[in-house]
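Asker: Got a file for you: input_37.csv, CSV, N, CA and C atoms.
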chain,number,residue,atom,x,y,z
U,16,MET,N,40.9,16.5,57.2
U,16,MET,CA,41.2,17.0,58.5
U,16,MET,C,42.4,18.0,58.4
U,17,PRO,N,42.2,19.2,59.0
U,17,PRO,CA,43.3,20.2,58.9
U,17,PRO,C,44.5,19.8,59.6
U,18,SER,N,45.7,20.2,59.2
U,18,SER,CA,46.9,19.9,59.9
U,18,SER,C,47.0,20.7,61.2
U,19,SER,N,47.9,20.3,62.0
U,19,SER,CA,48.0,21.0,63.3
U,19,SER,C,48.5,22.4,63.2
U,20,VAL,N,49.1,22.8,62.1
U,20,VAL,CA,49.6,24.1,61.9
U,20,VAL,C,48.5,25.1,61.4
U,21,GLU,N,47.4,24.6,60.9
U,21,GLU,CA,46.3,25.4,60.4
U,21,GLU,C,45.4,25.8,61.6
U,22,PRO,N,45.0,27.1,61.6
U,22,PRO,CA,44.1,27.5,62.7
U,22,PRO,C,42.8,26.8,62.6
U,23,ALA,N,42.2,26.5,63.7
U,23,ALA,CA,40.9,25.9,63.8
U,23,ALA,C,39.8,26.9,63.4
U,24,ARG,N,38.8,26.5,62.7
U,24,ARG,CA,37.7,27.4,62.3
U,24,ARG,C,36.7,27.4,63.4
U,25,SER,N,36.2,28.6,63.6
U,25,SER,CA,35.2,28.8,64.7
U,25,SER,C,33.9,28.4,64.1
U,26,ALA,N,32.9,28.2,65.0
U,26,ALA,CA,31.6,27.8,64.6
U,26,ALA,C,30.8,29.0,64.0
U,27,GLY,N,31.1,30.2,64.4
U,27,GLY,CA,30.3,31.3,63.9
U,27,GLY,C,30.8,31.9,62.6
U,28,HIS,N,30.1,32.7,62.0
U,28,HIS,CA,30.5,33.4,60.7
U,28,HIS,C,31.3,34.6,61.0
U,29,HIS,N,32.5,34.7,60.5
U,29,HIS,CA,33.3,35.9,60.7
U,29,HIS,C,33.7,36.5,59.3
U,30,PRO,N,33.3,37.8,59.1
U,30,PRO,CA,33.7,38.4,57.8
U,30,PRO,C,35.2,38.5,57.6
U,31,THR,N,35.6,38.4,56.4
U,31,THR,CA,37.1,38.5,56.1
U,31,THR,C,37.3,40.0,55.8
U,32,GLY,N,38.6,40.4,55.9
U,32,GLY,CA,39.0,41.7,55.5
U,32,GLY,C,38.9,42.7,56.6
U,33,PRO,N,39.3,43.9,56.4
U,33,PRO,CA,39.3,44.9,57.4
U,33,PRO,C,37.9,45.4,57.7
U,34,PRO,N,37.7,45.9,59.0
U,34,PRO,CA,36.4,46.4,59.3
U,34,PRO,C,36.0,47.7,58.5
U,35,GLY,N,34.8,48.0,58.4
U,35,GLY,CA,34.4,49.2,57.6
U,35,GLY,C,33.7,48.9,56.3
U,36,PRO,N,33.6,49.9,55.5
U,36,PRO,CA,32.9,49.8,54.3
U,36,PRO,C,33.6,48.8,53.3
U,37,THR,N,32.8,48.2,52.4
U,37,THR,CA,33.3,47.2,51.5
U,37,THR,C,34.2,48.0,50.5
U,38,PRO,N,35.4,47.4,50.3
U,38,PRO,CA,36.4,48.1,49.4
U,38,PRO,C,35.8,48.3,48.0
U,39,ALA,N,36.1,49.4,47.4
U,39,ALA,CA,35.7,49.7,46.0
U,39,ALA,C,36.5,48.8,45.0
U,40,THR,N,36.0,48.5,43.9
U,40,THR,CA,36.7,47.7,42.9
U,40,THR,C,36.7,48.6,41.6
U,41,PRO,N,37.8,49.2,41.3
U,41,PRO,CA,37.9,50.0,40.0
U,41,PRO,C,37.8,49.1,38.8
U,42,ALA,N,37.6,49.7,37.6
U,42,ALA,CA,37.4,49.0,36.4
U,42,ALA,C,38.5,48.0,36.1
U,43,ASP,N,39.8,48.3,36.6
U,43,ASP,CA,40.9,47.4,36.3
U,43,ASP,C,40.9,46.2,37.2
U,44,GLY,N,39.9,46.0,38.1
U,44,GLY,CA,39.9,44.8,38.9
U,44,GLY,C,40.6,44.9,40.2
U,45,SER,N,41.5,46.0,40.4
U,45,SER,CA,42.2,46.1,41.6
U,45,SER,C,41.3,46.5,42.7
U,46,ARG,N,41.7,46.4,44.0
U,46,ARG,CA,40.8,46.7,45.1
U,46,ARG,C,41.4,47.9,45.8
U,47,VAL,N,40.5,48.8,46.2
U,47,VAL,CA,40.9,50.0,46.9
U,47,VAL,C,40.3,49.9,48.3
U,48,ILE,N,41.1,49.9,49.3
U,48,ILE,CA,40.6,49.7,50.7
U,48,ILE,C,40.5,51.1,51.4
U,49,PRO,N,39.3,51.5,51.8
U,49,PRO,CA,39.2,52.8,52.5
U,49,PRO,C,39.6,52.6,53.9
U,50,PHE,N,40.5,53.5,54.3
U,50,PHE,CA,41.0,53.4,55.7
U,50,PHE,C,40.2,54.3,56.6
U,51,GLY,N,39.1,53.9,57.1
U,51,GLY,CA,38.2,54.7,57.9
U,51,GLY,C,38.4,54.3,59.4
U,52,ARG,N,37.8,55.1,60.2
U,52,ARG,CA,37.9,54.8,61.7
U,52,ARG,C,36.7,53.9,62.0
U,53,ARG,N,36.9,53.1,63.0
U,53,ARG,CA,35.8,52.3,63.5
U,53,ARG,C,35.0,53.3,64.5
U,54,PRO,N,33.7,53.1,64.6
U,54,PRO,CA,32.9,53.9,65.5
U,54,PRO,C,33.5,53.9,66.9
U,55,THR,N,33.6,55.0,67.5
U,55,THR,CA,34.0,55.1,68.9
U,55,THR,C,32.9,54.7,69.8
U,56,ARG,N,33.2,54.0,70.8
U,56,ARG,CA,32.1,53.6,71.8
U,56,ARG,C,32.5,54.1,73.2
U,57,THR,N,31.5,54.5,73.9
U,57,THR,CA,31.7,54.9,75.3
U,57,THR,C,31.1,53.8,76.2
U,58,GLY,N,31.6,53.8,77.4
U,58,GLY,CA,31.2,52.7,78.3
U,58,GLY,C,29.9,52.0,78.0
U,59,ARG,N,29.9,50.7,78.3
U,59,ARG,CA,28.8,49.8,78.2
U,59,ARG,C,28.3,49.7,76.7
U,60,GLY,N,29.1,49.9,75.8
U,60,GLY,CA,28.8,49.7,74.4
U,60,GLY,C,28.0,50.7,73.7
U,61,ARG,N,27.7,51.9,74.3
U,61,ARG,CA,26.9,52.9,73.6
U,61,ARG,C,27.8,53.7,72.6
U,62,ARG,N,27.2,54.0,71.5
U,62,ARG,CA,27.9,54.8,70.5
U,62,ARG,C,28.0,56.3,70.9
U,63,THR,N,29.0,57.0,70.5
U,63,THR,CA,29.1,58.4,70.8
U,63,THR,C,28.2,59.2,69.9
U,64,PRO,N,27.8,60.4,70.3
U,64,PRO,CA,26.9,61.2,69.4
U,64,PRO,C,27.5,61.4,68.1
U,65,GLN,N,26.7,61.4,67.0
U,65,GLN,CA,27.1,61.5,65.7
U,65,GLN,C,27.0,63.0,65.2
U,66,PRO,N,27.9,63.5,64.4
U,66,PRO,CA,27.8,64.8,63.9
U,66,PRO,C,26.7,65.0,62.9
U,67,ALA,N,26.1,66.2,62.9
U,67,ALA,CA,25.0,66.5,62.0
U,67,ALA,C,25.6,66.5,60.5
U,68,PRO,N,24.7,66.2,59.6
U,68,PRO,CA,25.2,66.2,58.2
U,68,PRO,C,25.5,67.6,57.8
U,69,PRO,N,26.3,67.8,56.7
U,69,PRO,CA,26.6,69.2,56.3
U,69,PRO,C,25.3,69.9,55.9
U,70,GLU,N,25.3,71.2,56.1
U,70,GLU,CA,24.1,72.0,55.8
U,70,GLU,C,23.8,72.2,54.4
U,71,ARG,N,24.8,72.2,53.5
U,71,ARG,CA,24.5,72.4,52.1
U,71,ARG,C,25.5,71.5,51.3
U,72,ALA,N,25.1,71.3,50.0
U,72,ALA,CA,25.9,70.5,49.1
U,72,ALA,C,26.7,71.6,48.2
U,73,ALA,N,27.7,71.1,47.5
U,73,ALA,CA,28.5,72.0,46.6
U,73,ALA,C,27.6,72.4,45.5
U,74,SER,N,27.8,73.7,45.1
U,74,SER,CA,27.1,74.2,44.0
U,74,SER,C,28.1,74.5,42.9
U,75,PRO,N,27.6,74.7,41.6
U,75,PRO,CA,28.6,75.0,40.5
U,75,PRO,C,29.3,76.3,40.7
U,76,ALA,N,28.8,77.2,41.5
U,76,ALA,CA,29.5,78.5,41.8
U,76,ALA,C,30.7,78.3,42.8
U,77,ASP,N,30.7,77.2,43.5
U,77,ASP,CA,31.8,77.1,44.5
U,77,ASP,C,33.1,76.9,43.8
U,78,SER,N,34.2,77.4,44.5
U,78,SER,CA,35.5,77.2,43.9
U,78,SER,C,35.9,75.7,44.0
U,79,PRO,N,36.9,75.3,43.2
U,79,PRO,CA,37.4,73.9,43.3
U,79,PRO,C,37.8,73.6,44.7
U,80,GLN,N,38.4,74.5,45.4
U,80,GLN,CA,38.9,74.2,46.8
U,80,GLN,C,37.7,74.0,47.7
U,81,GLN,N,36.6,74.8,47.5
U,81,GLN,CA,35.4,74.6,48.3
U,81,GLN,C,34.7,73.3,48.0
U,82,ARG,N,34.7,72.9,46.8
U,82,ARG,CA,34.1,71.6,46.4
U,82,ARG,C,34.9,70.5,47.0
U,83,LEU,N,36.2,70.6,46.9
U,83,LEU,CA,37.1,69.6,47.5
U,83,LEU,C,36.8,69.5,49.0
U,84,ALA,N,36.7,70.6,49.7
U,84,ALA,CA,36.5,70.6,51.1
U,84,ALA,C,35.2,70.0,51.5
U,85,LEU,N,34.1,70.2,50.7
U,85,LEU,CA,32.8,69.6,50.9
U,85,LEU,C,32.9,68.1,50.7
U,86,ASP,N,33.7,67.7,49.7
U,86,ASP,CA,33.8,66.2,49.4
U,86,ASP,C,34.5,65.6,50.6
U,87,VAL,N,35.6,66.2,51.1
U,87,VAL,CA,36.3,65.6,52.2
U,87,VAL,C,35.4,65.6,53.4
U,88,GLU,N,34.7,66.6,53.7
U,88,GLU,CA,33.7,66.7,54.8
U,88,GLU,C,32.7,65.6,54.7
U,89,ALA,N,32.1,65.4,53.5
U,89,ALA,CA,31.2,64.3,53.2
U,89,ALA,C,31.7,62.9,53.6
U,90,TRP,N,33.0,62.7,53.2
U,90,TRP,CA,33.7,61.5,53.5
U,90,TRP,C,33.8,61.3,55.0
U,91,PHE,N,34.2,62.4,55.7
U,91,PHE,CA,34.3,62.3,57.2
U,91,PHE,C,32.9,62.0,57.8
U,92,ILE,N,31.9,62.7,57.3
U,92,ILE,CA,30.5,62.5,57.9
U,92,ILE,C,30.1,61.1,57.7
U,93,ALA,N,30.4,60.5,56.5
U,93,ALA,CA,30.0,59.1,56.3
U,93,ALA,C,30.8,58.2,57.2
U,94,HIS,N,31.8,58.6,57.8
U,94,HIS,CA,32.6,57.8,58.7
U,94,HIS,C,32.5,58.3,60.2
U,95,ARG,N,31.4,59.0,60.4
U,95,ARG,CA,31.0,59.5,61.8
U,95,ARG,C,31.9,60.5,62.4
U,96,ALA,N,32.4,61.4,61.6
U,96,ALA,CA,33.3,62.5,62.1
U,96,ALA,C,33.0,63.7,61.3
U,97,THR,N,33.7,64.8,61.7
U,97,THR,CA,33.5,66.1,60.9
U,97,THR,C,34.8,66.9,61.1
U,98,LEU,N,35.2,67.6,60.0
U,98,LEU,CA,36.3,68.4,60.0
U,98,LEU,C,36.0,69.8,60.7
U,99,THR,N,34.8,70.1,61.0
U,99,THR,CA,34.4,71.3,61.7
U,99,THR,C,34.7,71.1,63.2
U,100,ASP,N,35.0,69.9,63.6
U,100,ASP,CA,35.4,69.7,65.0
U,100,ASP,C,37.0,69.9,65.0
U,101,GLU,N,37.4,70.8,65.9
U,101,GLU,CA,38.8,71.3,65.9
U,101,GLU,C,39.7,70.1,66.2
U,102,ALA,N,39.4,69.2,67.0
U,102,ALA,CA,40.2,68.0,67.4
U,102,ALA,C,40.4,67.1,66.1
U,103,ALA,N,39.2,66.9,65.4
U,103,ALA,CA,39.3,66.0,64.2
U,103,ALA,C,40.1,66.7,63.1
U,104,ALA,N,40.0,68.0,63.0
U,104,ALA,CA,40.8,68.8,62.0
U,104,ALA,C,42.2,68.7,62.3
U,105,HIS,N,42.6,68.8,63.6
U,105,HIS,CA,44.0,68.7,64.0
U,105,HIS,C,44.6,67.3,63.7
U,106,VAL,N,43.8,66.3,64.0
U,106,VAL,CA,44.3,64.9,63.7
U,106,VAL,C,44.4,64.7,62.2
U,107,TYR,N,43.5,65.2,61.4
U,107,TYR,CA,43.5,65.2,59.9
U,107,TYR,C,44.8,65.8,59.4
U,108,ARG,N,45.0,67.1,59.9
U,108,ARG,CA,46.2,67.8,59.4
U,108,ARG,C,47.5,67.1,59.9
U,109,THR,N,47.5,66.6,61.1
U,109,THR,CA,48.7,65.9,61.6
U,109,THR,C,49.0,64.6,60.7
U,110,THR,N,48.0,63.9,60.3
U,110,THR,CA,48.1,62.8,59.5
U,110,THR,C,48.7,63.2,58.1
U,111,LEU,N,48.1,64.2,57.5
U,111,LEU,CA,48.6,64.7,56.2
U,111,LEU,C,50.1,65.2,56.4
U,112,ASP,N,50.5,65.8,57.5
U,112,ASP,CA,51.9,66.2,57.7
U,112,ASP,C,52.8,65.0,57.7
U,113,PHE,N,52.3,63.9,58.4
U,113,PHE,CA,53.1,62.7,58.4
U,113,PHE,C,53.2,62.1,57.0
U,114,PHE,N,52.1,62.1,56.3
U,114,PHE,CA,52.1,61.6,54.9
U,114,PHE,C,53.1,62.4,54.0
U,115,GLN,N,53.1,63.7,54.2
U,115,GLN,CA,54.0,64.5,53.4
U,115,GLN,C,55.5,64.1,53.8
U,116,LEU,N,55.8,63.8,55.0
U,116,LEU,CA,57.1,63.4,55.4
U,116,LEU,C,57.4,62.1,54.7
U,117,MET,N,56.5,61.2,54.5
U,117,MET,CA,56.7,59.9,53.8
U,117,MET,C,57.0,60.2,52.3
U,118,LEU,N,56.2,61.2,51.7
U,118,LEU,CA,56.5,61.5,50.3
U,118,LEU,C,57.9,62.1,50.2
U,119,ASP,N,58.2,63.0,51.1
U,119,ASP,CA,59.6,63.6,51.0
U,119,ASP,C,60.7,62.6,51.1
U,120,SER,N,60.5,61.6,52.0
U,120,SER,CA,61.5,60.6,52.2
U,120,SER,C,61.5,59.7,50.9
U,121,SER,N,60.4,59.4,50.3
U,121,SER,CA,60.4,58.6,49.1
U,121,SER,C,61.1,59.3,48.0
U,122,HIS,N,60.9,60.6,47.9
U,122,HIS,CA,61.6,61.4,46.9
U,122,HIS,C,63.1,61.5,47.1
U,123,ALA,N,63.5,61.6,48.4
U,123,ALA,CA,64.9,61.7,48.7
U,123,ALA,C,65.6,60.3,48.4
U,124,GLU,N,64.8,59.2,48.5
U,124,GLU,CA,65.4,57.9,48.2
U,124,GLU,C,65.2,57.5,46.7
U,125,GLN,N,64.7,58.5,46.0
U,125,GLN,CA,64.5,58.4,44.5
U,125,GLN,C,63.5,57.3,44.2
U,126,ARG,N,62.5,57.2,45.0
U,126,ARG,CA,61.4,56.2,44.7
U,126,ARG,C,60.3,57.0,44.0
U,127,LEU,N,60.3,58.3,44.1
U,127,LEU,CA,59.4,59.2,43.4
U,127,LEU,C,60.2,60.2,42.6
U,128,SER,N,59.7,60.4,41.4
U,128,SER,CA,60.4,61.4,40.5
U,128,SER,C,60.0,62.8,41.0
U,129,ALA,N,60.7,63.8,40.6
U,129,ALA,CA,60.5,65.2,41.0
U,129,ALA,C,59.0,65.6,40.6
U,130,ASP,N,58.6,65.2,39.4
U,130,ASP,CA,57.3,65.5,38.9
U,130,ASP,C,56.2,64.8,39.8
U,131,GLU,N,56.4,63.5,40.1
U,131,GLU,CA,55.4,62.8,40.9
U,131,GLU,C,55.4,63.4,42.3
U,132,HIS,N,56.5,63.8,42.8
U,132,HIS,CA,56.6,64.4,44.2
U,132,HIS,C,55.8,65.7,44.2
U,133,GLN,N,56.1,66.6,43.2
U,133,GLN,CA,55.4,67.9,43.1
U,133,GLN,C,53.9,67.7,43.0
U,134,HIS,N,53.5,66.8,42.2
U,134,HIS,CA,52.1,66.5,41.9
U,134,HIS,C,51.4,66.1,43.3
U,135,LEU,N,52.0,65.1,43.9
U,135,LEU,CA,51.4,64.6,45.2
U,135,LEU,C,51.5,65.7,46.3
U,136,ILE,N,52.5,66.5,46.4
U,136,ILE,CA,52.6,67.6,47.4
U,136,ILE,C,51.5,68.6,47.1
U,137,GLY,N,51.3,68.9,45.8
U,137,GLY,CA,50.2,69.9,45.5
U,137,GLY,C,48.9,69.4,45.9
U,138,MET,N,48.6,68.1,45.7
U,138,MET,CA,47.3,67.5,46.2
U,138,MET,C,47.2,67.6,47.7
U,139,MET,N,48.3,67.3,48.4
U,139,MET,CA,48.3,67.4,49.9
U,139,MET,C,48.0,68.8,50.4
U,140,ARG,N,48.6,69.8,49.7
U,140,ARG,CA,48.3,71.2,50.1
U,140,ARG,C,46.8,71.5,50.0
U,141,LEU,N,46.2,71.1,48.9
U,141,LEU,CA,44.8,71.3,48.8
U,141,LEU,C,44.0,70.6,49.9
U,142,LEU,N,44.3,69.4,50.1
U,142,LEU,CA,43.6,68.6,51.1
U,142,LEU,C,43.8,69.2,52.5
U,143,ARG,N,45.0,69.7,52.8
U,143,ARG,CA,45.3,70.2,54.1
U,143,ARG,C,44.5,71.4,54.4
U,144,ASP,N,44.1,72.2,53.4
U,144,ASP,CA,43.3,73.4,53.6
U,144,ASP,C,41.8,73.1,53.7
U,145,ALA,N,41.4,71.9,53.5
U,145,ALA,CA,40.0,71.6,53.5
U,145,ALA,C,39.2,72.1,54.7
U,146,PRO,N,39.8,71.8,56.0
U,146,PRO,CA,39.0,72.3,57.1
U,146,PRO,C,38.8,73.8,57.2
U,147,ASP,N,39.7,74.6,56.6
U,147,ASP,CA,39.6,76.0,56.6
U,147,ASP,C,38.5,76.5,55.6
U,148,ALA,N,38.2,75.7,54.6
U,148,ALA,CA,37.3,76.1,53.6
U,148,ALA,C,35.8,75.8,54.0
U,149,LEU,N,35.6,75.1,55.1
U,149,LEU,CA,34.3,74.7,55.5
U,149,LEU,C,33.6,75.8,56.3
Just give me the structure as structure tokens.
Answerer:
Amino acid sequence: MPSSVEPARSAGHHPTGPPGPTPATPADGSRVIPFGRRPTRTGRGRRTPQPAPPERAASPADSPQQRLALDVEAWFIAHRATLTDEAAAHVYRTTLDFFQLMLDSSHAEQRLSADEHQHLIGMMRLLRDAPDAL
């Protein structure tokens, strides 16, 4: 019998973990949790219209920036969004701006070395330009 401090179990099955896709498990056994959005619903439980899939896939002739942009867009499409939507692109860039502030703060507090900081900032710049490359 569970103690009075343990939560009671419900009769139904409830999945554990965050909503969304199953986390990936890299070779080292650690878990990577994708932080995606839950589908937006409009009144009475109907799902909002979904964006169309990208018109083309990356080709070997594409620049690395173009291939990255298409990879980011594919990730968004898989999560029922698109960076070609100006509102979604704005939220994407705003989130990256906030993440850069976190990186700058970590560097100022000497939690990131100068090399680590520069490497991560360089990645952020490439990611931030993804909506413009689509």
Asker: Near region 138-141 of chain U, within 8 Å and counting only N, CA and C atoms, which residues show up once chain neighbours fewer than 6 positions away are dropped, as a ChimeraX atom specification?
Answerer: /U:80,83-84,111,115,132
Asker: Dump N, CA and C atoms for the selected residues as a short mmCIF file (atom, residue, chain, number, x, y, z; two decimals), in the frame of the given file?
Answerer:
data_model
loop_
_atom_site.label_atom_id
_atom_site.label_comp_id
_atom_site.auth_asym_id
_atom_site.auth_seq_id
_atom_site.Cartn_x
_atom_site.Cartn_y
_atom_site.Cartn_z
N GLN U 80 38.40 74.50 45.40
CA GLN U 80 38.90 74.20 46.80
C GLN U 80 37.70 74.00 47.70
N LEU U 83 36.20 70.60 46.90
CA LEU U 83 37.10 69.60 47.50
C LEU U 83 36.80 69.50 49.00
N ALA U 84 36.70 70.60 49.70
CA ALA U 84 36.50 70.60 51.10
C ALA U 84 35.20 70.00 51.50
N LEU U 111 48.10 64.20 57.50
CA LEU U 111 48.60 64.70 56.20
C LEU U 111 50.10 65.20 56.40
N GLN U 115 53.10 63.70 54.20
CA GLN U 115 54.00 64.50 53.40
C GLN U 115 55.50 64.10 53.80
N HIS U 132 56.50 63.80 42.80
CA HIS U 132 56.60 64.40 44.20
C HIS U 132 55.80 65.70 44.20
#
Asker: Mind pulling up the distance from atom N of Leu85 (chain U) to atom C of Thr99 (chain U)?
Answerer: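 Distance between the two atoms: 12.5 Å.
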Asker: Between atom C of Asp119 (chain U) and CA of His134 (chain U), measure the distance and give it in Å to one decimal.
Answerer: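 We find that atom C of Asp119 (chain U) and CA of His134 (chain U) lie 13.2 Å from each other.
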Asker: What lies within 8 Å of Val87 (chain U) using only N, CA and C atoms, ignoring chain neighbours under 4 positions off, as a ChimeraX atom specification?
Answerer: /U:81-83,91-93,97-98,142,145
Asker: Generate the output file for the selected residues, N, CA and C atoms, as a compact mmCIF listing (two decimals), keeping the file's coordinate frame.
Answerer:
# COMPACT_ATOMS: atom_id res chain seq x y z
N GLN U 81 36.60 74.80 47.50
CA GLN U 81 35.40 74.60 48.30
C GLN U 81 34.70 73.30 48.00
N ARG U 82 34.70 72.90 46.80
CA ARG U 82 34.10 71.60 46.40
C ARG U 82 34.90 70.50 47.00
N LEU U 83 36.20 70.60 46.90
CA LEU U 83 37.10 69.60 47.50
C LEU U 83 36.80 69.50 49.00
N PHE U 91 34.20 62.40 55.70
CA PHE U 91 34.30 62.30 57.20
C PHE U 91 32.90 62.00 57.80
N ILE U 92 31.90 62.70 57.30
CA ILE U 92 30.50 62.50 57.90
C ILE U 92 30.10 61.10 57.70
N ALA U 93 30.40 60.50 56.50
CA ALA U 93 30.00 59.10 56.30
C ALA U 93 30.80 58.20 57.20
N THR U 97 33.70 64.80 61.70
CA THR U 97 33.50 66.10 60.90
C THR U 97 34.80 66.90 61.10
N LEU U 98 35.20 67.60 60.00
CA LEU U 98 36.30 68.40 60.00
C LEU U 98 36.00 69.80 60.70
N LEU U 142 44.30 69.40 50.10
CA LEU U 142 43.60 68.60 51.10
C LEU U 142 43.80 69.20 52.50
N ALA U 145 41.40 71.90 53.50
CA ALA U 145 40.00 71.60 53.50
C ALA U 145 39.20 72.10 54.70
Asker: In the coordinate frame of the file, compute which residues have an atom within 9 Å of (54.9, 62.7, 47.8) when using only C-alpha atoms, and state them as a PDB file with N, CA and C atoms, in the frame of the given file.
Answerer:
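Here's the written file selection_38.pdb:
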ATOM      1  N   PHE U 114      52.100  62.100  56.300  1.00  0.00           N
ATOM      2  CA  PHE U 114      52.100  61.600  54.900  1.00  0.00           C
ATOM      3  C   PHE U 114      53.100  62.400  54.000  1.00  0.00           C
ATOM      4  N   GLN U 115      53.100  63.700  54.200  1.00  0.00           N
ATOM      5  CA  GLN U 115      54.000  64.500  53.400  1.00  0.00           C
ATOM      6  C   GLN U 115      55.500  64.100  53.800  1.00  0.00           C
ATOM      7  N   LEU U 116      55.800  63.800  55.000  1.00  0.00           N
ATOM      8  CA  LEU U 116      57.100  63.400  55.400  1.00  0.00           C
ATOM      9  C   LEU U 116      57.400  62.100  54.700  1.00  0.00           C
ATOM     10  N   MET U 117      56.500  61.200  54.500  1.00  0.00           N
ATOM     11  CA  MET U 117      56.700  59.900  53.800  1.00  0.00           C
ATOM     12  C   MET U 117      57.000  60.200  52.300  1.00  0.00           C
ATOM     13  N   LEU U 118      56.200  61.200  51.700  1.00  0.00           N
ATOM     14  CA  LEU U 118      56.500  61.500  50.300  1.00  0.00           C
ATOM     15  C   LEU U 118      57.900  62.100  50.200  1.00  0.00           C
ATOM     16  N   ASP U 119      58.200  63.000  51.100  1.00  0.00           N
ATOM     17  CA  ASP U 119      59.600  63.600  51.000  1.00  0.00           C
ATOM     18  C   ASP U 119      60.700  62.600  51.100  1.00  0.00           C
ATOM     19  N   SER U 120      60.500  61.600  52.000  1.00  0.00           N
ATOM     20  CA  SER U 120      61.500  60.600  52.200  1.00  0.00           C
ATOM     21  C   SER U 120      61.500  59.700  50.900  1.00  0.00           C
ATOM     22  N   SER U 121      60.400  59.400  50.300  1.00  0.00           N
ATOM     23  CA  SER U 121      60.400  58.600  49.100  1.00  0.00           C
ATOM     24  C   SER U 121      61.100  59.300  48.000  1.00  0.00           C
ATOM     25  N   HIS U 122      60.900  60.600  47.900  1.00  0.00           N
ATOM     26  CA  HIS U 122      61.600  61.400  46.900  1.00  0.00           C
ATOM     27  C   HIS U 122      63.100  61.500  47.100  1.00  0.00           C
ATOM     28  N   LEU U 127      60.300  58.300  44.100  1.00  0.00           N
ATOM     29  CA  LEU U 127      59.400  59.200  43.400  1.00  0.00           C
ATOM     30  C   LEU U 127      60.200  60.200  42.600  1.00  0.00           C
ATOM     31  N   GLU U 131      56.400  63.500  40.100  1.00  0.00           N
ATOM     32  CA  GLU U 131      55.400  62.800  40.900  1.00  0.00           C
ATOM     33  C   GLU U 131      55.400  63.400  42.300  1.00  0.00           C
ATOM     34  N   HIS U 132      56.500  63.800  42.800  1.00  0.00           N
ATOM     35  CA  HIS U 132      56.600  64.400  44.200  1.00  0.00           C
ATOM     36  C   HIS U 132      55.800  65.700  44.200  1.00  0.00           C
ATOM     37  N   GLN U 133      56.100  66.600  43.200  1.00  0.00           N
ATOM     38  CA  GLN U 133      55.400  67.900  43.100  1.00  0.00           C
ATOM     39  C   GLN U 133      53.900  67.700  43.000  1.00  0.00           C
ATOM     40  N   HIS U 134      53.500  66.800  42.200  1.00  0.00           N
ATOM     41  CA  HIS U 134      52.100  66.500  41.900  1.00  0.00           C
ATOM     42  C   HIS U 134      51.400  66.100  43.300  1.00  0.00           C
ATOM     43  N   LEU U 135      52.000  65.100  43.900  1.00  0.00           N
ATOM     44  CA  LEU U 135      51.400  64.600  45.200  1.00  0.00           C
ATOM     45  C   LEU U 135      51.500  65.700  46.300  1.00  0.00           C
ATOM     46  N   ILE U 136      52.500  66.500  46.400  1.00  0.00           N
ATOM     47  CA  ILE U 136      52.600  67.600  47.400  1.00  0.00           C
ATOM     48  C   ILE U 136      51.500  68.600  47.100  1.00  0.00           C
ATOM     49  N   GLY U 137      51.300  68.900  45.800  1.00  0.00           N
ATOM     50  CA  GLY U 137      50.200  69.900  45.500  1.00  0.00           C
ATOM     51  C   GLY U 137      48.900  69.400  45.900  1.00  0.00           C
ATOM     52  N   MET U 139      48.300  67.300  48.400  1.00  0.00           N
ATOM     53  CA  MET U 139      48.300  67.400  49.900  1.00  0.00           C
ATOM     54  C   MET U 139      48.000  68.800  50.400  1.00  0.00           C
TER      55      MET U 139
END
Asker: So how many Å separate atom N of Glu88 (chain U) and CA of Glu101 (chain U), to one decimal?
Answerer: 13.7 Å
Asker: Go through U:Pro146, U:Asp130, U:Trp90, U:Asp77 and flag the residue nearest Ala102 (chain U), using only C-alpha atoms for the distances.
Answerer: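 The shortest atom-to-atom distance to Ala102 (chain U) comes from U:Pro146.
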Asker: How about completing region 92-98 of chain U with N, CA, C and O atoms and giving it to me as a PDB file, keeping the file's coordinate frame?
Answerer:
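Writing the result to selection06.pdb gives the following:
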ATOM      1  N   ILE U  92      31.900  62.700  57.300  1.00  0.00           N
ATOM      2  CA  ILE U  92      30.500  62.500  57.900  1.00  0.00           C
ATOM      3  C   ILE U  92      30.100  61.100  57.700  1.00  0.00           C
ATOM      4  O   ILE U  92      29.497  60.484  58.595  1.00  0.00           O
ATOM      5  N   ALA U  93      30.400  60.500  56.500  1.00  0.00           N
ATOM      6  CA  ALA U  93      30.000  59.100  56.300  1.00  0.00           C
ATOM      7  C   ALA U  93      30.800  58.200  57.200  1.00  0.00           C
ATOM      8  O   ALA U  93      30.307  57.052  57.453  1.00  0.00           O
ATOM      9  N   HIS U  94      31.800  58.600  57.800  1.00  0.00           N
ATOM     10  CA  HIS U  94      32.600  57.800  58.700  1.00  0.00           C
ATOM     11  C   HIS U  94      32.500  58.300  60.200  1.00  0.00           C
ATOM     12  O   HIS U  94      33.345  58.160  61.017  1.00  0.00           O
ATOM     13  N   ARG U  95      31.400  59.000  60.400  1.00  0.00           N
ATOM     14  CA  ARG U  95      31.000  59.500  61.800  1.00  0.00           C
ATOM     15  C   ARG U  95      31.900  60.500  62.400  1.00  0.00           C
ATOM     16  O   ARG U  95      32.278  60.342  63.569  1.00  0.00           O
ATOM     17  N   ALA U  96      32.400  61.400  61.600  1.00  0.00           N
ATOM     18  CA  ALA U  96      33.300  62.500  62.100  1.00  0.00           C
ATOM     19  C   ALA U  96      33.000  63.700  61.300  1.00  0.00           C
ATOM     20  O   ALA U  96      32.246  63.701  60.350  1.00  0.00           O
ATOM     21  N   THR U  97      33.700  64.800  61.700  1.00  0.00           N
ATOM     22  CA  THR U  97      33.500  66.100  60.900  1.00  0.00           C
ATOM     23  C   THR U  97      34.800  66.900  61.100  1.00  0.00           C
ATOM     24  O   THR U  97      35.389  66.923  62.148  1.00  0.00           O
ATOM     25  N   LEU U  98      35.200  67.600  60.000  1.00  0.00           N
ATOM     26  CA  LEU U  98      36.300  68.400  60.000  1.00  0.00           C
ATOM     27  C   LEU U  98      36.000  69.800  60.700  1.00  0.00           C
ATOM     28  O   LEU U  98      36.925  70.584  60.905  1.00  0.00           O
TER      29      LEU U  98
END
